[in-house]
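Right, one structure below, let's go through it.
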Amino acid sequence: MKSLSAAIVAAVLLALLFDTFAPAHSQQVKRPNIVIILGDDLGFADMSSFGGEIKTPNLDELAKEGVRFTQFYTHASCSPTRSMLLTGVDTHLNGLGNMDEWAAPNQWDVDGYEGHLRRNLTTLPQLLRDAGYHTYMAGKWHMGKAPDLIPAARGFERDFSLLDGAGSYWDMWNFTAISPKSTFTEDGRYLIRLPKDYYATKTYTDKIISDIEADRKDGKPFFVYLSEQAPHDPYHLPRDWRNRHVGEYDKGWDVVRNERLQRQIKMGITAPGTDLAERMWFVPDASLLAPATRAIMGKKMELYAGMVENMDYHVGRLMDYLKTIGEYDNTIFIVFGDNGAEGADLFKMIAGTPGTRDFLFASMVWSETNPNAWGDPHSYVGYGPAWAQVSMTPFSQYKGNLAEGGIRNALIVSGPIDRQAAGSINHQAVLHVADIMPTLLEVAGAKRPQTYQGQEQPPLIGESWVKMLEGKEASPRTDKDYLAWEIFGNCAVRQGDWKLVWQYKPYGTGEWQLFNLAEDLGERHDLAAERPEKVKELVALWDDYVKANHVILPSRVLWEGMEQKLPQRYPVEPGFPPLIYKSQFVPPKDMLANPKP
Amino acid sequence: MKRVSLLQLFFAALLGSGALAPPMVLAQVPARFYWKTLSGANAVPLIFNSISGNTNPFDPAHIPMGDANFDGTLAIAGYARTFTMFDRSAMAAVLVPMGRLSGDVNVAGRTASQSAKGFGDPMAEFDLNIIGPPAQKTLADALRYEPGFSVDLLVDLAVPIGEYDSEKTLNIGQNRVYGRLGMPVVWQLGPWVPGRRTTLEFLPAVWLFGDNTDYVGKTLKTDPLFQLDAHLTHDFGEHFWGALDASWYSGGKSTINGVPGKKLNNLGVGFTLGYQVNDNLNLTFGYKSTVNDSAPDDLRMDGFMISLVYGWHPIIEGAKRLEGE
């Protein structure tokens, strides 16, 4: 009996010891998998976990298990963000000093402004692959099309990639007569046709799952870059995803934006008392629109919501697959959008006017304009500035601009890297997309060489999040650190709670504007005149940034003529002018009478 | 979207709708007649038919008259209006047939030429959707409308005040009350996008007839007549569509002074082409003929049809006036 008791005690102790050490042992043996889910033009406030009414249960599950960050910055446009994600280097040094499509004459042939990822830079997938990771990519690339610039040449073992910035979700049609077809690659080969039953979001997920499945027996960790095309316009969507919000947005953007703000406050995303940013001055008050107009505008948002929900569904498929093969718990997920939501009418810019080459092309390829055809091949719908502001609640402006609505995005991090309370919301840490490279290199135990192809590597501008995620520091940045942006000639710098912005008219004032983001998230109150010393201080940082990163302000910009095209900018005051807000006078009933004979 | 484009969408929805399509032709409403539109829409249809056969085209009982042979020109003018009832789409219409009819009739073994002309029996029609999307009370509803699978309840009632001569077997008016109970079905196949719409449509209906107690001095009774119309319709373009049509008639045995005739069991087939001329005007052309009709007692009938339908809605007309300023 005694010996039996001793044996039981020994067994329990052994079990406890095994239980204690087993996870640590397995972590040492296998490093965590990494999955980056990048939404294209996904707005800060779109996911339910950031206040959206759009149903995103799978992304919300990641938020619930991980941590949400509310001060995460990307760039204001897609390629620059993607280039910093994959190199950790500032855009003006990594080749995306400007969007390829908008490079200015004074930037042509200048190092750092090639319009594609520079060849002499090491990339995140390349270094992870060298460190023993499988590296897979599916989705939008938009950082170069030449054979030595495509994903396979930049470190991805397998890929299924749309090399363009956008295109049809159903087929290979692109937007202009001179470049009518999108370019796709699969595992380093240029595709002459797309797979059967191709639908971008679905196919990208299928490819990632099959890539993981093909290699999973070898036990190596994997890095997945799921670079979603959704919800970028055109809003192409399977029919059964189009009608899940019928009529919900007829109430108009102001109402929906306010509802999102209230939810954000309730769930702790935004502080109580936060003011919404001003509605863009050229966006009408939806309450003044006829019901049919609101229905048409609302239908665009219905489609957008469907795009996000469909993307969430396919993310859920990937999550389910990882659970099935037992890799989910050992996978770090990083979810965010690449810039602010898209408020510009891209199609209008591309399709041109009657009599032009591109208008003829659009007439042939992109003319399914009936609302019941929206979502079908050959239709082109984007939701415009009013809904883009909703997606960026509570911020000002949207993609392409350097107001918070252009550059601040929702971020979810979950998985074994995260030691913070599940479901927590982090408001302290000021993060940047370029931080992801050093963070993941540290997680993977990978090293970035000082030189590559005989050239000194530019410095990483990001800071690793590992200590912050382990709870050892509040933010990877101190109040002395600063972030800076330049795109399309617009400039911004943030240090601590202060942000200095210079934007072309009419979105900006053509002058430096100063905002205190701790008190004015909507950037309503320009404090430049009140705080000239702070302006001077931040301008000095800006000058430092320009010098360090070889910033060349463009000689031509997309804002040209915008001030003349858009209505004059006056502040938006709710209820003004009273003329159009005065309701019918209703006299007292007891004073009603018929006319005398 | 520019306002003018929005208006064009509304017009497309309005004119593409059944309320503005031509009504009763050869005792059969054409394809797309029971498509729904915005409440408050109005339509004035004008339908011209050139018909031959051995039955009186003005008489929905379609009593075959042996080897008789008639030629007729039939026109129908009317007015239709859509409205909302119990949150469902409803339509009320008044249709007045008129025209000329002539031919040889075999009466008591003797062949005689007869002719008739004038106004026929006006018919009131009421249609209420019972299964399908709710009524299109606003332009927003109209923009979102897709029929899916919709079923209506249909009631027709003809008032016997049309031209009638009791000395003749051939008349424009029928001298008896008659009507119809039906359940129109519209089944959307595929997308509801102008230029790509396809529908399968059915109208099972029962015609009910009162007695004509002065039918050349005799009493004419007719049993209920079951009629099933079927249409497969498809858009060939945003403004151009076509349909394959079929009608099956069964029952409707007529008795004259107790002497029974033959029950109908006939099939007619045809086609329709439709074209939207402009924002307010729709044009259709069709041909239809009975088949397997070689036996003497078989129903024989064929006819060409051209219809013009003028439709309008006050809101849309007002918006057009403002656009024109």
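In the structure tokens, chains take the letters A, B, ... in the order shown, each chain's residues start at 1, and ligands count up from 1 in the order shown.
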What's around A:Val413 at 7 Å? Count only C-alpha atoms, leave out sequence neighbours fewer than 5 positions away in its own chain, and write the answer as a list in words.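 Listing them by chain and then by number gives Gly66, Val67, Arg68, Phe333, Ile334 and Val335 of chain A.
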How would you write, as a PyMOL selection string, the set of residues in stretch 78-245 of chain A that DSSP gives as alpha helix (DSSP H)? chain A and resi 78-87+91-94+124-130+200-215
Pick out the closest residue to chain A from this set: B:Phe149, B:Phe33, B:Trp192, B:Tyr164. Count only C-alpha atoms.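 Once distances to chain A are computed over only C-alpha atoms, the minimum belongs to B:Trp192.
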Rows by chain and residue number, chain B within 6 Å of chain A, shortest pair, only C-alpha atoms, as CSV:
```
residue,atom,partner,partner_atom,distance
B:Leu139,CA,A:Ala292,CA,5.2
B:Ala140,CA,A:Ala292,CA,4.1
B:Val193,CA,A:Asn372,CA,5.4
```
Output of the above residues as a PDB file, in the first residue's frame, restricted to all heavy atoms:
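Output below, filename result-v4.pdb:
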```pdb
ATOM      1  N   LEU B 139     -39.877  55.272 -54.379  1.00  0.00           N
ATOM      2  CA  LEU B 139     -38.890  55.031 -55.432  1.00  0.00           C
ATOM      3  C   LEU B 139     -37.777  54.116 -54.922  1.00  0.00           C
ATOM      4  O   LEU B 139     -37.226  53.318 -55.680  1.00  0.00           O
ATOM      5  CB  LEU B 139     -38.302  56.356 -55.903  1.00  0.00           C
ATOM      6  CG  LEU B 139     -39.263  57.282 -56.659  1.00  0.00           C
ATOM      7  CD1 LEU B 139     -38.614  58.637 -56.896  1.00  0.00           C
ATOM      8  CD2 LEU B 139     -39.677  56.666 -57.981  1.00  0.00           C
ATOM      9  N   ALA B 140     -37.475  54.254 -53.651  1.00  0.00           N
ATOM     10  CA  ALA B 140     -36.443  53.388 -53.067  1.00  0.00           C
ATOM     11  C   ALA B 140     -36.878  51.924 -53.142  1.00  0.00           C
ATOM     12  O   ALA B 140     -36.089  51.040 -53.477  1.00  0.00           O
ATOM     13  CB  ALA B 140     -36.178  53.793 -51.622  1.00  0.00           C
ATOM     14  N   VAL B 193     -31.636  42.290 -63.793  1.00  0.00           N
ATOM     15  CA  VAL B 193     -30.904  43.410 -64.387  1.00  0.00           C
ATOM     16  C   VAL B 193     -31.438  43.626 -65.794  1.00  0.00           C
ATOM     17  O   VAL B 193     -31.430  42.689 -66.596  1.00  0.00           O
ATOM     18  CB  VAL B 193     -29.391  43.093 -64.450  1.00  0.00           C
ATOM     19  CG1 VAL B 193     -28.637  44.254 -65.076  1.00  0.00           C
ATOM     20  CG2 VAL B 193     -28.854  42.777 -63.070  1.00  0.00           C
TER      21      VAL B 193
END
```
Please list as a list in words every residue within 8 Å of stretch 54-67 of chain B, counting only C-alpha atoms and excluding residues in the same chain fewer than 2 positions away.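 Selected residues are Leu26, Ala27, Ile51, Ser52, Asn69, Phe70, Gly72, Leu74, Pro97, Val105, Asn106, Gly120, Leu170, Asn171, Ile172, Gly173, Gln174, Trp207, Phe209, Thr222, Leu225, Gly252, Ser254, Pro296, Asp297, Asp298, Leu299, Arg300 and Met301 of chain B.
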Taking the chain letters and numbering used in this document, name the residues of stretch 217-355 of chain A that DSSP puts in strand (DSSP E), as a PyMOL selection string. chain A and resi 222-227+331-337
Selected residues, C-alpha atoms, written as a PDB file, in the first residue's frame, please.
```pdb
ATOM      1  CA  PHE A 222       5.050  29.201 -41.884  1.00  0.00           C
ATOM      2  CA  PHE A 223       4.643  32.862 -42.662  1.00  0.00           C
ATOM      3  CA  VAL A 224       1.446  33.753 -44.501  1.00  0.00           C
ATOM      4  CA  TYR A 225       0.863  37.121 -46.123  1.00  0.00           C
ATOM      5  CA  LEU A 226      -2.841  37.090 -46.971  1.00  0.00           C
ATOM      6  CA  SER A 227      -3.033  40.366 -48.799  1.00  0.00           C
ATOM      7  CA  THR A 331      -0.121  31.042 -34.887  1.00  0.00           C
ATOM      8  CA  ILE A 332       0.336  34.779 -34.523  1.00  0.00           C
ATOM      9  CA  PHE A 333      -2.340  36.740 -36.356  1.00  0.00           C
ATOM     10  CA  ILE A 334      -1.813  40.366 -37.323  1.00  0.00           C
ATOM     11  CA  VAL A 335      -4.847  42.038 -38.879  1.00  0.00           C
ATOM     12  CA  PHE A 336      -5.097  45.571 -40.237  1.00  0.00           C
ATOM     13  CA  GLY A 337      -6.059  47.704 -43.226  1.00  0.00           C
TER      14      GLY A 337
END
```
Give me, as a list of chain:residue names, all polymer residues having an atom no more than 10 Å from B:Asn212, counting only C-alpha atoms and skipping those fewer than 5 positions away in the same chain. B:Pro160, B:Ser166, B:Gln174, B:Asn175, B:Arg176, B:Val177, B:Gly217, B:Lys218, B:Thr219, B:Leu220, B:Lys221, B:Thr222, B:Ile256
Serialized selection, N, CA, C and O atoms, as a PDB file, in the first residue's frame:
```pdb
ATOM      1  N   PRO B 160     -72.096  43.077 -68.856  1.00  0.00           N
ATOM      2  CA  PRO B 160     -72.675  42.818 -70.186  1.00  0.00           C
ATOM      3  C   PRO B 160     -73.422  44.021 -70.747  1.00  0.00           C
ATOM      4  O   PRO B 160     -74.668  44.003 -70.863  1.00  0.00           O
ATOM      5  N   SER B 166     -79.564  39.938 -80.380  1.00  0.00           N
ATOM      6  CA  SER B 166     -80.009  38.585 -80.030  1.00  0.00           C
ATOM      7  C   SER B 166     -80.395  37.769 -81.261  1.00  0.00           C
ATOM      8  O   SER B 166     -80.621  36.567 -81.171  1.00  0.00           O
ATOM      9  N   GLN B 174     -71.444  40.058 -74.986  1.00  0.00           N
ATOM     10  CA  GLN B 174     -71.766  38.656 -74.733  1.00  0.00           C
ATOM     11  C   GLN B 174     -73.110  38.466 -74.034  1.00  0.00           C
ATOM     12  O   GLN B 174     -73.542  37.333 -73.823  1.00  0.00           O
ATOM     13  N   ASN B 175     -73.749  39.509 -73.619  1.00  0.00           N
ATOM     14  CA  ASN B 175     -75.081  39.456 -73.003  1.00  0.00           C
ATOM     15  C   ASN B 175     -75.124  38.533 -71.784  1.00  0.00           C
ATOM     16  O   ASN B 175     -76.120  37.873 -71.532  1.00  0.00           O
ATOM     17  N   ARG B 176     -74.049  38.446 -71.090  1.00  0.00           N
ATOM     18  CA  ARG B 176     -74.036  37.696 -69.838  1.00  0.00           C
ATOM     19  C   ARG B 176     -72.847  38.160 -68.999  1.00  0.00           C
ATOM     20  O   ARG B 176     -71.836  38.628 -69.527  1.00  0.00           O
ATOM     21  N   VAL B 177     -73.003  37.984 -67.739  1.00  0.00           N
ATOM     22  CA  VAL B 177     -71.894  38.328 -66.841  1.00  0.00           C
ATOM     23  C   VAL B 177     -70.849  37.217 -66.921  1.00  0.00           C
ATOM     24  O   VAL B 177     -71.204  36.034 -67.000  1.00  0.00           O
ATOM     25  N   GLY B 217     -82.611  33.456 -79.329  1.00  0.00           N
ATOM     26  CA  GLY B 217     -83.851  32.910 -78.790  1.00  0.00           C
ATOM     27  C   GLY B 217     -83.642  31.715 -77.882  1.00  0.00           C
ATOM     28  O   GLY B 217     -84.631  31.115 -77.432  1.00  0.00           O
ATOM     29  N   LYS B 218     -82.430  31.339 -77.641  1.00  0.00           N
ATOM     30  CA  LYS B 218     -82.183  30.171 -76.806  1.00  0.00           C
ATOM     31  C   LYS B 218     -81.365  30.585 -75.564  1.00  0.00           C
ATOM     32  O   LYS B 218     -80.989  31.737 -75.421  1.00  0.00           O
ATOM     33  N   THR B 219     -81.120  29.568 -74.745  1.00  0.00           N
ATOM     34  CA  THR B 219     -80.323  29.830 -73.543  1.00  0.00           C
ATOM     35  C   THR B 219     -78.943  29.181 -73.692  1.00  0.00           C
ATOM     36  O   THR B 219     -78.856  27.975 -73.955  1.00  0.00           O
ATOM     37  N   LEU B 220     -77.946  30.008 -73.533  1.00  0.00           N
ATOM     38  CA  LEU B 220     -76.560  29.521 -73.635  1.00  0.00           C
ATOM     39  C   LEU B 220     -75.973  29.432 -72.239  1.00  0.00           C
ATOM     40  O   LEU B 220     -75.972  30.410 -71.490  1.00  0.00           O
ATOM     41  N   LYS B 221     -75.546  28.225 -71.906  1.00  0.00           N
ATOM     42  CA  LYS B 221     -74.854  28.041 -70.632  1.00  0.00           C
ATOM     43  C   LYS B 221     -73.452  27.539 -70.909  1.00  0.00           C
ATOM     44  O   LYS B 221     -73.248  26.768 -71.854  1.00  0.00           O
ATOM     45  N   THR B 222     -72.521  27.937 -70.084  1.00  0.00           N
ATOM     46  CA  THR B 222     -71.129  27.491 -70.283  1.00  0.00           C
ATOM     47  C   THR B 222     -70.547  27.077 -68.936  1.00  0.00           C
ATOM     48  O   THR B 222     -70.624  27.823 -67.953  1.00  0.00           O
ATOM     49  N   ILE B 256     -76.586  24.680 -75.335  1.00  0.00           N
ATOM     50  CA  ILE B 256     -77.592  25.580 -75.902  1.00  0.00           C
ATOM     51  C   ILE B 256     -78.942  24.886 -75.808  1.00  0.00           C
ATOM     52  O   ILE B 256     -79.145  23.825 -76.416  1.00  0.00           O
TER      53      ILE B 256
END
```
Which distance in Å separates atom CA of A:Leu538 and atom CA of A:Leu483, to one decimal?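 Between these atoms lies a distance of 10.6 Å.
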